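Next comes protein.txt, a file with compact mmCIF, C-alpha atoms and all ligand atoms.
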```
# COMPACT_ATOMS: atom_id res chain seq x y z
CA MET F 128 4.59 -25.45 -33.62
CA GLY F 129 4.24 -21.98 -32.09
CA LYS F 130 7.85 -21.29 -33.08
CA TYR F 131 7.19 -21.85 -36.82
CA LYS F 132 3.69 -20.45 -36.96
CA GLY F 133 4.85 -16.92 -37.83
CA PHE F 134 7.19 -18.15 -40.58
CA ILE F 135 4.58 -20.41 -42.19
CA MET F 136 2.07 -17.58 -42.15
CA TYR F 137 4.66 -15.29 -43.76
CA VAL F 138 5.25 -17.75 -46.67
CA ILE F 139 1.57 -18.33 -47.19
CA TYR F 140 0.92 -14.62 -47.17
CA PHE F 141 2.86 -14.20 -50.47
CA HIS F 142 0.31 -16.37 -52.18
CA TYR F 143 -2.51 -14.85 -50.31
CA GLN F 144 -3.79 -12.38 -52.90
CA SER F 145 -3.75 -14.75 -55.92
CA CYS F 146 -4.42 -18.26 -54.62
CA HIS F 147 -7.71 -19.29 -52.99
CA LEU F 148 -6.13 -22.32 -51.33
CA SER F 149 -3.44 -20.15 -49.73
CA LYS F 150 -6.07 -17.73 -48.58
CA PHE F 151 -8.00 -20.60 -47.04
CA ILE F 152 -4.89 -21.95 -45.23
CA PHE F 153 -3.87 -18.47 -44.16
CA ASP F 154 -7.28 -17.91 -42.59
CA ILE F 155 -7.01 -21.18 -40.65
CA PHE F 156 -3.59 -20.15 -39.28
CA ALA F 157 -4.82 -16.67 -38.52
CA SER F 158 -7.71 -18.09 -36.54
CA MET F 159 -5.21 -20.14 -34.47
CA LYS F 160 -3.36 -16.99 -33.36
CA ASN F 161 -4.08 -15.88 -29.80
CA ASN F 162 -5.06 -12.28 -29.26
CA TYR F 163 -2.10 -11.88 -26.91
CA PRO F 164 1.63 -12.69 -27.31
CA ASP F 165 2.52 -16.34 -26.57
CA LYS F 166 5.25 -15.25 -24.16
CA TRP F 167 2.63 -13.92 -21.77
CA SER F 168 1.32 -17.41 -21.05
CA ALA F 169 4.88 -18.80 -20.93
CA LYS F 170 5.76 -16.22 -18.24
CA LEU F 171 2.61 -17.02 -16.29
CA LYS F 172 3.53 -20.72 -16.28
CA GLN F 173 6.96 -19.93 -14.81
CA SER F 174 5.79 -18.04 -11.76
CA TYR F 175 3.45 -18.60 -8.83
CA LYS F 176 0.09 -17.37 -10.04
CA ARG F 177 -1.71 -14.65 -8.20
CA ILE F 178 -5.41 -15.38 -8.03
CA LEU F 179 -8.38 -13.14 -7.33
CA PHE F 180 -10.55 -14.29 -4.43
CA ASP F 181 -13.96 -13.22 -3.25
CA VAL F 182 -13.73 -13.73 0.49
CA SER F 183 -16.79 -11.80 1.59
CA ASP F 184 -18.31 -14.87 3.26
CA LYS F 185 -15.16 -15.64 5.28
CA ILE F 186 -13.97 -14.49 8.69
CA ASP F 187 -11.65 -11.64 7.85
CA PHE F 188 -7.99 -12.00 8.83
CA ALA F 189 -6.74 -10.46 5.60
CA SER F 190 -8.12 -6.99 5.06
CA ASN F 191 -6.59 -3.73 6.26
CA ASP F 192 -9.94 -2.64 7.65
CA TYR F 193 -8.42 -2.74 11.15
CA LEU F 194 -11.23 -0.84 12.87
CA GLY F 195 -14.07 -2.29 10.83
CA PHE F 196 -14.95 1.10 9.34
CA ALA F 197 -15.72 -0.51 5.98
CA LYS F 198 -17.72 -3.33 7.50
CA ASN F 199 -19.62 -1.80 10.39
CA ASN F 200 -21.66 0.53 8.23
CA LYS F 201 -19.80 3.69 9.31
CA LEU F 202 -19.62 4.70 5.70
CA LYS F 203 -23.31 4.10 5.13
CA GLU F 204 -24.23 6.01 8.29
CA ILE F 205 -22.10 8.98 7.25
CA ILE F 206 -23.60 9.10 3.78
CA LEU F 207 -27.16 8.83 5.11
CA LYS F 208 -26.60 11.42 7.84
CA ASN F 209 -25.03 13.97 5.49
CA PHE F 210 -26.84 12.99 2.31
CA ASP F 211 -27.98 16.52 1.45
CA THR F 212 -24.51 17.99 1.74
CA PHE F 213 -22.80 15.48 -0.53
CA VAL F 214 -22.01 16.41 -4.11
CA PHE F 215 -22.67 13.22 -6.04
CA GLN F 216 -20.75 14.27 -9.13
CA GLY F 217 -17.62 13.32 -10.95
CA SER F 218 -14.79 15.82 -10.77
CA THR F 219 -14.77 16.28 -14.60
CA GLY F 220 -11.00 16.58 -14.87
CA SER F 221 -7.61 16.85 -13.24
CA ARG F 222 -7.47 19.25 -10.29
CA LEU F 223 -5.44 21.57 -12.54
CA MET F 224 -8.12 21.59 -15.23
CA SER F 225 -11.75 21.55 -14.11
CA GLY F 226 -11.53 19.17 -11.11
CA ASN F 227 -10.73 21.61 -8.32
CA LYS F 228 -13.09 23.27 -5.82
CA LYS F 229 -12.27 25.83 -3.13
CA TRP F 230 -13.89 23.57 -0.56
CA ILE F 231 -11.58 20.66 -1.51
CA GLU F 232 -8.65 22.90 -0.67
CA LYS F 233 -10.33 23.74 2.65
CA ILE F 234 -10.66 20.04 3.43
CA GLU F 235 -7.00 19.57 2.59
CA PHE F 236 -6.09 22.46 4.88
CA THR F 237 -8.15 20.97 7.72
CA ILE F 238 -6.54 17.57 7.20
CA ALA F 239 -3.12 19.22 7.40
CA GLN F 240 -4.06 20.75 10.74
CA TYR F 241 -5.05 17.35 12.13
CA HIS F 242 -1.56 16.23 11.12
CA HIS F 243 0.17 19.27 12.68
CA THR F 244 1.44 20.63 9.39
CA GLU F 245 0.68 23.34 6.84
CA ASN F 246 -1.04 21.68 3.95
CA ALA F 247 -2.12 18.49 2.19
CA VAL F 248 -2.73 17.16 -1.31
CA ILE F 249 -5.29 14.40 -1.77
CA TYR F 250 -4.58 11.65 -4.31
CA PRO F 251 -6.86 8.83 -5.52
CA SER F 252 -4.68 6.22 -3.77
CA ALA F 253 -1.52 5.91 -1.70
CA TYR F 254 0.05 4.11 -4.65
CA GLN F 255 -0.50 7.16 -6.84
CA ALA F 256 0.62 9.46 -4.03
CA ASN F 257 3.91 7.59 -3.61
CA VAL F 258 4.61 7.36 -7.32
CA GLY F 259 3.74 11.05 -7.73
CA LEU F 260 5.93 12.10 -4.80
CA PHE F 261 9.00 9.94 -5.27
CA SER F 262 9.21 10.49 -9.00
CA CYS F 263 9.39 14.28 -8.72
CA ILE F 264 11.14 15.44 -5.55
CA ALA F 265 14.69 14.38 -6.34
CA ASP F 266 17.16 14.77 -9.18
CA ARG F 267 20.40 12.94 -9.94
CA LYS F 268 22.29 14.99 -7.38
CA ASP F 269 20.04 13.55 -4.63
CA VAL F 270 19.73 10.09 -3.11
CA PHE F 271 16.99 8.06 -1.43
CA LEU F 272 17.99 5.83 1.48
CA ILE F 273 15.09 3.44 1.89
CA ASP F 274 14.23 0.69 4.36
CA GLU F 275 14.60 -2.63 2.55
CA HIS F 276 10.94 -3.49 3.28
CA ILE F 277 9.48 -0.30 1.87
CA HIS F 278 6.33 -0.63 -0.23
CA ALA F 279 6.53 -1.30 -3.99
CA SER F 280 4.94 2.06 -4.82
CA VAL F 281 8.00 3.88 -3.41
CA TYR F 282 10.29 1.86 -5.69
CA ASP F 283 8.04 2.57 -8.66
CA GLY F 284 8.19 6.30 -7.97
CA ILE F 285 11.97 6.30 -7.57
CA ARG F 286 12.38 4.36 -10.83
CA GLN F 287 10.21 6.85 -12.68
CA GLY F 288 12.39 9.69 -11.39
CA PHE F 289 15.63 7.96 -12.49
CA THR F 290 17.24 8.87 -9.17
CA HIS F 291 19.76 7.05 -6.99
CA HIS F 292 18.67 4.88 -4.12
CA PHE F 293 20.26 2.55 -1.58
CA LYS F 294 18.54 0.20 0.83
CA PHE F 295 19.30 -0.03 4.54
CA LYS F 296 18.53 -3.16 6.55
CA HIS F 297 15.03 -3.26 7.92
CA ASN F 298 14.67 -0.87 10.91
CA ASP F 299 18.46 -0.91 11.30
CA PHE F 300 19.36 2.71 11.92
CA GLU F 301 23.02 1.92 12.58
CA HIS F 302 23.14 0.71 8.98
CA LEU F 303 21.25 3.82 7.90
CA LYS F 304 23.89 5.95 9.65
CA THR F 305 26.64 4.12 7.77
CA LEU F 306 24.89 4.87 4.48
CA ILE F 307 24.35 8.52 5.38
CA ASP F 308 28.06 8.88 6.23
CA ARG F 309 29.07 7.07 3.03
CA HIS F 310 26.92 9.21 0.72
CA TYR F 311 27.08 12.51 2.57
CA GLN F 312 29.67 14.15 0.34
CA GLY F 313 28.40 12.65 -2.92
CA PHE F 314 24.85 14.02 -2.88
CA GLU F 315 23.13 17.36 -2.29
CA THR F 316 20.02 16.00 -0.57
CA ILE F 317 19.50 12.73 1.27
CA TYR F 318 15.91 11.48 1.64
CA VAL F 319 15.34 8.78 4.25
CA VAL F 320 12.19 6.75 3.61
CA ILE F 321 10.43 4.57 6.17
CA GLU F 322 6.93 3.29 6.98
CA GLY F 323 5.11 4.09 10.22
CA LEU F 324 3.95 0.47 10.41
CA TYR F 325 5.36 -2.08 7.99
CA SER F 326 2.67 -3.66 5.88
CA MET F 327 4.18 -7.15 5.74
CA GLU F 328 6.35 -7.25 8.91
CA GLY F 329 3.82 -5.51 11.15
CA ASP F 330 6.59 -3.86 13.14
CA ILE F 331 7.10 -0.23 14.06
CA PRO F 332 10.33 1.77 13.69
CA ASP F 333 12.01 3.06 16.84
CA VAL F 334 11.42 6.79 16.41
CA ASN F 335 14.00 7.98 18.95
CA ASN F 336 16.77 5.88 17.44
CA LEU F 337 15.89 7.14 13.99
CA LEU F 338 15.82 10.80 15.00
CA GLY F 339 19.31 10.53 16.46
CA VAL F 340 20.61 9.41 13.08
CA ILE F 341 18.86 11.84 10.73
CA ASP F 342 19.52 15.05 12.63
CA ASN F 343 21.41 16.68 9.80
CA PRO F 344 20.62 19.65 7.51
CA LYS F 345 21.08 17.60 4.35
CA VAL F 346 18.79 14.75 5.48
CA PHE F 347 15.00 14.80 4.99
CA LEU F 348 12.60 12.20 6.36
CA ILE F 349 9.56 10.80 4.49
CA VAL F 350 7.16 8.52 6.34
CA ASP F 351 4.59 6.34 4.61
CA GLU F 352 1.82 6.17 7.20
CA ALA F 353 -0.54 4.06 5.06
CA HIS F 354 -0.92 1.38 7.76
CA SER F 355 -0.12 3.42 10.88
CA PHE F 356 -2.79 6.03 10.14
CA GLY F 357 -5.86 5.13 12.21
CA VAL F 358 -3.89 2.80 14.44
CA LEU F 359 -0.79 4.48 15.94
CA GLY F 360 0.36 7.83 17.29
CA GLN F 361 -1.40 10.83 18.75
CA ASP F 362 -5.16 10.72 18.03
CA LYS F 363 -4.25 7.50 16.17
CA LEU F 364 -3.46 9.62 13.12
CA GLY F 365 -0.05 8.12 12.43
CA LEU F 366 3.27 7.34 14.11
CA PHE F 367 4.65 10.84 13.48
CA ASN F 368 1.45 12.64 14.36
CA SER F 369 2.55 15.18 16.93
CA LYS F 370 3.68 18.79 16.74
CA GLU F 371 7.27 17.80 17.43
CA LEU F 372 7.50 14.76 15.16
CA ALA F 373 5.65 16.41 12.27
CA LYS F 374 8.47 18.97 12.08
CA LYS F 375 10.96 16.15 11.49
CA CYS F 376 9.25 15.04 8.25
CA VAL F 377 9.40 16.68 4.85
CA ALA F 378 6.38 14.60 3.79
CA ARG F 379 4.04 11.97 5.21
CA ILE F 380 1.78 9.78 3.13
CA ILE F 381 -1.57 9.23 4.85
CA GLY F 382 -3.53 6.33 3.37
CA TYR F 383 -7.32 6.14 3.48
CA GLY F 384 -7.65 2.59 2.13
CA LYS F 385 -6.61 0.84 5.36
CA ALA F 386 -7.94 1.76 8.83
CA LEU F 387 -10.27 4.40 7.40
CA GLY F 388 -12.00 1.65 5.42
CA PHE F 389 -12.25 3.82 2.33
CA SER F 390 -9.74 4.81 -0.38
CA GLY F 391 -7.48 7.67 -1.40
CA ALA F 392 -4.49 9.24 0.33
CA ALA F 393 -3.02 12.58 1.27
CA ILE F 394 0.54 13.80 1.21
CA VAL F 395 0.92 16.20 4.12
CA GLY F 396 3.71 18.72 4.67
CA SER F 397 4.63 22.34 4.03
CA ASN F 398 2.89 24.81 1.72
CA VAL F 399 5.99 24.63 -0.47
CA LEU F 400 5.60 20.85 -0.72
CA LYS F 401 2.00 21.33 -1.85
CA GLN F 402 2.99 23.88 -4.50
CA TYR F 403 5.79 21.57 -5.62
CA LEU F 404 3.45 18.59 -6.02
CA ILE F 405 0.85 20.64 -7.89
CA ASN F 406 3.56 21.67 -10.34
CA PHE F 407 5.65 18.53 -10.73
CA SER F 408 3.81 15.43 -9.47
CA ARG F 409 2.71 13.75 -12.68
CA SER F 410 0.19 11.37 -11.10
CA PHE F 411 -1.56 14.44 -9.66
CA ILE F 412 -1.30 16.59 -12.79
CA TYR F 413 -2.25 14.08 -15.47
CA SER F 414 -5.09 12.16 -13.83
CA THR F 415 -8.78 12.84 -13.29
CA ALA F 416 -9.44 13.96 -9.73
CA LEU F 417 -11.62 11.87 -7.42
CA PRO F 418 -15.40 12.30 -7.60
CA LEU F 419 -16.44 15.21 -5.40
CA TYR F 420 -18.23 13.26 -2.66
CA HIS F 421 -15.04 11.24 -2.13
CA TYR F 422 -13.34 14.26 -0.52
CA GLN F 423 -16.37 14.87 1.67
CA ILE F 424 -16.47 11.27 2.83
CA ILE F 425 -12.77 11.42 3.72
CA TYR F 426 -13.49 14.54 5.75
CA TYR F 427 -16.39 12.91 7.68
CA LEU F 428 -14.41 9.71 8.25
CA TYR F 429 -11.71 11.82 9.94
CA GLN F 430 -14.36 13.11 12.39
CA GLU F 431 -15.45 9.52 13.04
CA LEU F 432 -11.87 8.40 13.61
CA ILE F 433 -11.02 11.27 15.94
CA ASP F 434 -14.29 11.58 17.90
CA ASN F 435 -15.98 8.25 17.72
CA SER F 436 -13.71 5.26 17.47
CA GLN F 437 -12.53 4.66 21.05
CA LYS F 438 -14.56 1.45 21.29
CA GLU F 439 -13.03 0.04 18.09
CA HIS F 440 -9.53 0.96 19.25
CA GLN F 441 -10.06 -0.79 22.57
CA GLN F 442 -11.45 -3.91 20.86
CA LEU F 443 -8.52 -3.95 18.47
CA GLN F 444 -6.04 -3.66 21.37
CA ASP F 445 -7.84 -6.48 23.24
CA ASN F 446 -7.64 -8.70 20.16
CA ILE F 447 -3.94 -7.98 19.66
CA GLN F 448 -3.36 -8.97 23.31
CA THR F 449 -5.40 -12.18 22.88
CA TYR F 450 -3.35 -13.12 19.82
CA LEU F 451 -0.04 -12.33 21.58
CA GLN F 452 -1.05 -14.37 24.60
CA ILE F 453 -1.99 -17.53 22.69
CA THR F 454 0.99 -17.44 20.31
CA LYS F 455 3.69 -16.42 22.79
CA ASP F 456 5.37 -19.84 22.94
CA ASP F 457 5.39 -20.46 19.19
CA GLY F 458 8.28 -18.88 17.28
CA ARG F 459 6.57 -19.28 13.92
CA PHE F 460 4.11 -16.51 14.84
CA SER F 461 5.19 -12.86 14.90
CA HIS F 462 4.75 -10.97 18.15
CA ASN F 463 4.12 -7.38 17.09
CA ASN F 464 2.30 -4.83 19.13
CA SER F 465 0.19 -3.97 16.10
CA PRO F 466 -2.71 -5.38 14.07
CA ILE F 467 -0.34 -6.88 11.49
CA GLN F 468 1.10 -10.30 12.36
CA TYR F 469 2.36 -13.24 10.35
CA PHE F 470 2.98 -16.96 10.48
CA SER F 471 6.32 -18.02 8.92
CA LEU F 472 6.23 -20.53 6.09
CA SER F 473 9.77 -21.05 4.90
CA ASN F 474 10.29 -24.29 2.93
CA LEU F 475 6.61 -24.96 2.43
CA ASN F 476 4.58 -25.19 -0.72
CA CYS F 477 2.81 -21.84 -0.64
CA GLY F 478 0.35 -22.56 -3.44
CA GLN F 479 -0.85 -25.72 -1.72
CA LEU F 480 -1.11 -23.95 1.59
CA GLN F 481 -3.25 -21.15 0.16
CA ASN F 482 -5.54 -23.87 -1.20
CA GLN F 483 -5.84 -25.38 2.25
CA ILE F 484 -6.63 -21.99 3.75
CA ASN F 485 -9.25 -21.38 1.10
CA HIS F 486 -11.19 -24.32 2.49
CA GLN F 487 -11.32 -22.78 5.96
CA SER F 488 -14.01 -20.55 7.39
CA PHE F 489 -11.52 -17.68 7.60
CA PHE F 490 -9.33 -15.97 5.06
CA ALA F 491 -5.69 -15.01 5.52
CA LYS F 492 -3.31 -14.44 2.65
CA VAL F 493 -0.18 -16.38 1.81
CA ILE F 494 2.45 -13.81 0.86
CA VAL F 495 5.09 -14.88 -1.65
CA PRO F 496 7.97 -13.15 -3.50
CA PRO F 497 8.30 -10.50 -4.81
CA THR F 498 6.03 -9.02 -2.12
CA VAL F 499 8.40 -10.53 0.48
CA PRO F 500 11.98 -11.75 -0.15
CA LYS F 501 12.48 -15.43 -1.05
CA GLY F 502 12.67 -17.54 2.11
CA LEU F 503 10.42 -15.15 4.05
CA GLU F 504 7.13 -16.51 2.68
CA ARG F 505 4.39 -16.15 5.25
CA ILE F 506 0.72 -16.05 6.02
CA ARG F 507 -0.12 -12.44 6.77
CA ILE F 508 -2.57 -12.11 9.64
CA SER F 509 -4.55 -8.94 9.94
CA LEU F 510 -6.29 -8.46 13.27
CA HIS F 511 -9.40 -6.30 13.54
CA SER F 512 -11.62 -4.74 16.16
CA PHE F 513 -14.48 -6.98 15.02
CA ASN F 514 -12.71 -10.37 15.27
CA THR F 515 -13.99 -12.41 18.22
CA THR F 516 -11.77 -14.20 20.74
CA GLU F 517 -13.08 -17.55 19.44
CA GLU F 518 -12.18 -16.61 15.87
CA ILE F 519 -8.63 -15.73 16.88
CA HIS F 520 -8.24 -19.03 18.75
CA HIS F 521 -9.61 -20.90 15.73
CA LEU F 522 -7.19 -19.11 13.36
CA VAL F 523 -4.14 -19.80 15.51
CA ASN F 524 -5.01 -23.47 16.07
CA THR F 525 -5.76 -24.05 12.41
CA LEU F 526 -2.48 -22.47 11.28
CA LYS F 527 -0.51 -24.60 13.73
CA ASN F 528 -2.11 -27.71 12.27
CA LEU F 529 -1.98 -26.67 8.63
CA ASN F 530 1.75 -26.52 8.91
CA LYS F 531 1.91 -30.21 9.91
CA GLU F 532 0.06 -31.49 6.84
C1 LIG O 1 2.96 1.03 2.92
C2 LIG O 1 1.99 1.18 1.80
N1 LIG O 1 2.02 2.31 1.07
C3 LIG O 1 1.18 2.50 0.03
C4 LIG O 1 0.24 1.54 -0.29
C5 LIG O 1 -0.72 1.80 -1.42
O1 LIG O 1 -1.96 2.08 -0.86
P1 LIG O 1 -3.28 2.21 -1.74
O2 LIG O 1 -3.96 0.90 -1.58
O3 LIG O 1 -4.05 3.34 -1.16
O4 LIG O 1 -2.88 2.47 -3.14
C6 LIG O 1 0.15 0.37 0.44
C7 LIG O 1 -0.84 -0.65 0.07
O5 LIG O 1 -0.93 -1.73 0.54
C8 LIG O 1 1.06 0.16 1.50
O6 LIG O 1 1.05 -0.96 2.21
```
Show me, as structure tokens, the structure contained in the file I just sent.
Amino acid sequence: MGKYKGFIMYVIYFHYQSCHLSKFIFDIFASMKNNYPDKWSAKLKQSYKRILFDVSDKIDFASNDYLGFAKNNKLKEIILKNFDTFVFQGSTGSRLMSGNKKWIEKIEFTIAQYHHTENAVIYPSAYQANVGLFSCIADRKDVFLIDEHIHASVYDGIRQGFTHHFKFKHNDFEHLKTLIDRHYQGFETIYVVIEGLYSMEGDIPDVNNLLGVIDNPKVFLIVDEAHSFGVLGQDKLGLFNSKELAKKCVARIIGYGKALGFSGAAIVGSNVLKQYLINFSRSFIYSTALPLYHYQIIYYLYQELIDNSQKEHQQLQDNIQTYLQITKDDGRFSHNNSPIQYFSLSNLNCGQLQNQINHQSFFAKVIVPPTVPKGLERIRISLHSFNTTEEIHHLVNTLKNLNKE
């Protein structure tokens, strides 16, 4: 019926002005029309449906709040303690219009110093930061060589910039070297893009191996530290957070929506990079800046992370060790030295499994394509400082048994 509906309505429409009956029938057909194209629902029926959950009453094995900053009232404490200094106002425009303040630039400069580099630009999210960065830094004479498991936002940025890209096998720097050699003559600039801690794999690139491969004047390294910030590296500010390693990167993306328990991101690098982004990064130029207190909260959360989070880091490490110990003989569980783990699900009905998990006292997310390649479906397990030993045992035992059903 849907196929002919448009045609019938078209025929009736010719009689519409003169004939009351036609008008009546036309109105009936018009009222049957959805207020969205039919092909939307057809597409939804074809694919696994993503569903929104409210999991606030569940034991958390899903969020990226690795240190519990969002949950343990750190944010509330900071706001209460510094209430009088906060500017509870919207920014009123893009940073290039009315949304800038000298003190925001000072915060960015301070952040850059924490990251051993010259300057920083704060974005409303790491997604926007990546799209803004990758869409503007290269032209068609340049190429991106990206780890095959890089985050979707990097792809989206590269697509917007219409530039060339090739994928190297995950964490395989021999393969990266082959690609660099292959494309060396054909391109002016080669950007290598990795993550400091992979959001779905939970593994960490071997920095020394990588540095041996990219030591070349044409090659520039970009590290997305969205998940490693707050968890890895010097002062736990990211895998490449040292004086030496910072020099190896043309840009690092520091995400505030994960271990910092907040939101936003900064791209850190040289003063030239900052000027470049201000001039060419469209997601920075054409979008309203964050509300003013957001920058201040980011600043105070840095102090908390640097000065006051040893206990959370120790608890997180203890929990990672507990998990590794109780899963060590089971090959279906990942064994990463990081808060991100997974339980492999190949050949299982993922939708049904998510339903089973939804009936548990904890929440962990089933990850399906396109977020992971087909055949690598998994339950992503996020470990936190605040998970108890009993909770981790319960999670692991339940997952082992779920798989049997
Ligand atoms: C590696 C990586 N980069 C960027 C992002 C985007 O971060 P945000 O949530 O701040 O937009 C994510 C989000 O999950 C991520 O995993």
Check your understanding: Given a cut-off of 9 Å, what residues near ligand LIG 1 (chain O) show up using all atoms listed in the file, put as a PyMOL selection string?
Key -> chain F and resi 191+250-257+277-281+321-327+351-355+380-385+389-392
When you look at F:Arg177 with a cut-off of 12 Å (counting only C-alpha atoms), what residues show up, excluding the ones that are within fewer than 4 positions of it in the same chain? I need them as a short mmCIF file (atom, residue, chain, number, x, y, z; two decimals) with C-alpha atoms, in the frame of the given file.
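Output saved as around13.cif:
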```
data_model
loop_
_atom_site.label_atom_id
_atom_site.label_comp_id
_atom_site.auth_asym_id
_atom_site.auth_seq_id
_atom_site.Cartn_x
_atom_site.Cartn_y
_atom_site.Cartn_z
CA LEU F 171 2.61 -17.02 -16.29
CA LYS F 172 3.53 -20.72 -16.28
CA CYS F 477 2.81 -21.84 -0.64
CA GLY F 478 0.35 -22.56 -3.44
CA GLN F 481 -3.25 -21.15 0.16
CA LYS F 492 -3.31 -14.44 2.65
CA VAL F 493 -0.18 -16.38 1.81
CA ILE F 494 2.45 -13.81 0.86
CA VAL F 495 5.09 -14.88 -1.65
CA PRO F 496 7.97 -13.15 -3.50
CA PRO F 497 8.30 -10.50 -4.81
CA THR F 498 6.03 -9.02 -2.12
#
```
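For the atom pair formed by atom CA of F:Gln448 and atom CA of F:Leu510, the distance is 10.5 Å, given to one decimal.
Between atom CA of F:His521 and atom CA of F:Ile186 lies a distance of 10.5 Å.
All residues of protein, DNA or RNA that reach within 8 Å of F:Phe289, judged by all atoms listed in the file and not counting those fewer than 4 positions away in the chain, are Ser262, Asp266, Arg267 and Ile285 of chain F.
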Could you add the missing atoms to stretch 437-456 of chain F, up to N, CA and C atoms, and return them as a compact mmCIF listing (two decimals), in the coordinates of the input?
```txt
# COMPACT_ATOMS: atom_id res chain seq x y z
N GLN F 437 -13.22 5.19 19.86
CA GLN F 437 -12.53 4.66 21.05
C GLN F 437 -12.86 3.18 21.25
N LYS F 438 -14.14 2.85 21.06
CA LYS F 438 -14.56 1.45 21.29
C LYS F 438 -13.80 0.51 20.34
N GLU F 439 -13.73 0.88 19.08
CA GLU F 439 -13.03 0.04 18.09
C GLU F 439 -11.55 -0.10 18.44
N HIS F 440 -10.95 1.02 18.89
CA HIS F 440 -9.53 0.96 19.25
C HIS F 440 -9.29 0.01 20.42
N GLN F 441 -10.21 0.09 21.40
CA GLN F 441 -10.06 -0.79 22.57
C GLN F 441 -10.22 -2.25 22.15
N GLN F 442 -11.23 -2.53 21.31
CA GLN F 442 -11.45 -3.91 20.86
C GLN F 442 -10.24 -4.42 20.07
N LEU F 443 -9.69 -3.55 19.25
CA LEU F 443 -8.52 -3.95 18.47
C LEU F 443 -7.35 -4.29 19.41
N GLN F 444 -7.12 -3.41 20.39
CA GLN F 444 -6.04 -3.66 21.37
C GLN F 444 -6.27 -4.99 22.09
N ASP F 445 -7.52 -5.23 22.53
CA ASP F 445 -7.84 -6.48 23.24
C ASP F 445 -7.53 -7.67 22.34
N ASN F 446 -7.87 -7.57 21.07
CA ASN F 446 -7.64 -8.70 20.16
C ASN F 446 -6.15 -8.93 19.91
N ILE F 447 -5.40 -7.83 19.83
CA ILE F 447 -3.94 -7.98 19.66
C ILE F 447 -3.38 -8.72 20.89
N GLN F 448 -3.85 -8.32 22.09
CA GLN F 448 -3.36 -8.97 23.31
C GLN F 448 -3.74 -10.45 23.34
N THR F 449 -4.96 -10.77 22.92
CA THR F 449 -5.40 -12.18 22.88
C THR F 449 -4.47 -12.98 21.97
N TYR F 450 -4.23 -12.44 20.78
CA TYR F 450 -3.35 -13.12 19.82
C TYR F 450 -1.95 -13.32 20.42
N LEU F 451 -1.41 -12.25 21.04
CA LEU F 451 -0.04 -12.33 21.58
C LEU F 451 0.04 -13.38 22.69
N GLN F 452 -1.02 -13.42 23.49
CA GLN F 452 -1.05 -14.37 24.60
C GLN F 452 -1.03 -15.81 24.09
N ILE F 453 -1.86 -16.12 23.09
CA ILE F 453 -1.99 -17.53 22.69
C ILE F 453 -0.88 -17.97 21.71
N THR F 454 -0.08 -17.04 21.24
CA THR F 454 0.99 -17.44 20.31
C THR F 454 2.38 -17.29 20.95
N LYS F 455 2.40 -16.87 22.23
CA LYS F 455 3.69 -16.42 22.79
C LYS F 455 4.77 -17.51 22.83
N ASP F 456 4.36 -18.78 22.86
CA ASP F 456 5.37 -19.84 22.94
C ASP F 456 5.70 -20.45 21.57
```
